[in-house]
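Presented below is the structure to which this report refers.
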Amino acid sequence: MAKNKKRKLPLVYQPVGFVLGWASGALAGVAFRKAWKAIRHEDDAPDALDRDRGWAEILLAAALQGAIFAAARSAADRTGAKAIERSTGAWPTKEKGGRA
């Protein structure tokens, strides 16, 4: 029975992961805007199609945004996985070290 429970757990985790991913993305967006404002004292960060921005500024913004989003997603994934493990006793991925 425990083996069957472990097989179905990744399906149970999917809605939890979706909600946590959405929330972490929203929080990461806020964190990026605040970080950009602190670094450059501007409300709007550049994107690749901003004609008046240089390569360095665009790549800095992209790298900072990517780092913040990756950290937020990892924190959300880990938090969700630990919560599932505490409530069910099983880790929510099928294999060691991977996504469901």
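Ligands are numbered from 1 in the order shown, chains are lettered A, B, ... in the order of the structure tokens, and residues start at 1 in each chain.
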Fewer than 6 positions away in the same chain doesn't count, so skip those; otherwise give me all residues within 12 Å of Glu42 of chain A, counting only C-alpha atoms, as a PyMOL selection string.
-> chain A and resi 32-36+61
Quick one: everything within 9 Å of segment 25-31 of chain A, counting only C-alpha atoms, minus sequence neighbours fewer than 6 positions away in the same chain. Send it as an NGL selection string.
-> :A and (65 or 68-73)
Write out as number ranges by chain the residues lying within 12 Å of Ala83 of chain A, counting only C-alpha atoms and excluding same-chain residues fewer than 5 positions away.
-> A: 13, 16-17, 20, 76-78, 88-92
Any chance you can output those residues with N, CA and C atoms as a CSV table (one decimal), in the first residue's frame?
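Full text of part20.csv as output:
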chain,number,residue,atom,x,y,z
A,13,TYR,N,0.8,16.5,-5.5
A,13,TYR,CA,1.7,17.6,-5.3
A,13,TYR,C,1.5,18.7,-6.4
A,16,VAL,N,-0.5,21.8,-5.6
A,16,VAL,CA,0.3,22.5,-4.6
A,16,VAL,C,1.5,23.2,-5.2
A,17,GLY,N,2.2,22.5,-6.1
A,17,GLY,CA,3.3,23.1,-6.8
A,17,GLY,C,2.9,24.2,-7.7
A,20,LEU,N,2.1,27.3,-5.5
A,20,LEU,CA,3.3,27.9,-4.9
A,20,LEU,C,4.2,28.5,-6.0
A,76,ALA,N,10.1,28.1,-3.1
A,76,ALA,CA,8.7,27.6,-3.1
A,76,ALA,C,8.6,26.1,-3.3
A,77,ASP,N,9.4,25.6,-4.2
A,77,ASP,CA,9.4,24.1,-4.5
A,77,ASP,C,9.8,23.4,-3.2
A,78,ARG,N,10.9,23.9,-2.6
A,78,ARG,CA,11.4,23.2,-1.4
A,78,ARG,C,10.4,23.3,-0.3
A,88,THR,N,2.5,13.8,4.8
A,88,THR,CA,2.3,12.4,4.2
A,88,THR,C,3.3,11.4,4.6
A,89,GLY,N,4.5,11.9,4.9
A,89,GLY,CA,5.6,11.1,5.2
A,89,GLY,C,6.4,10.6,4.0
A,90,ALA,N,6.0,11.1,2.8
A,90,ALA,CA,6.7,10.8,1.6
A,90,ALA,C,7.1,12.0,0.8
A,91,TRP,N,8.3,11.9,0.2
A,91,TRP,CA,8.8,13.0,-0.6
A,91,TRP,C,8.0,13.1,-1.9
A,92,PRO,N,7.7,14.3,-2.5
A,92,PRO,CA,6.7,14.3,-3.6
A,92,PRO,C,7.3,14.0,-5.0
Quote the spacing between atom CA of Gly80 of chain A and atom CA of Gly66 of chain A in Å to one decimal place.
->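 That distance, rounded to one decimal, is 20.9 Å.
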Members of chain A assigned alpha helix (DSSP H) by DSSP, as an MDAnalysis selection string | chainID A and resid 2:40 55:88
Interatomic distance between atom CA of Pro10 of chain A and atom CA of Lys94 of chain A?
->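 Here the two named atoms are 6.9 Å from each other.
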Two-atom distance - atom CA of Ala62 of chain A, atom CA of Gln14 of chain A (Å) =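 We find that atom CA of Ala62 of chain A and atom CA of Gln14 of chain A lie 28.2 Å from each other.
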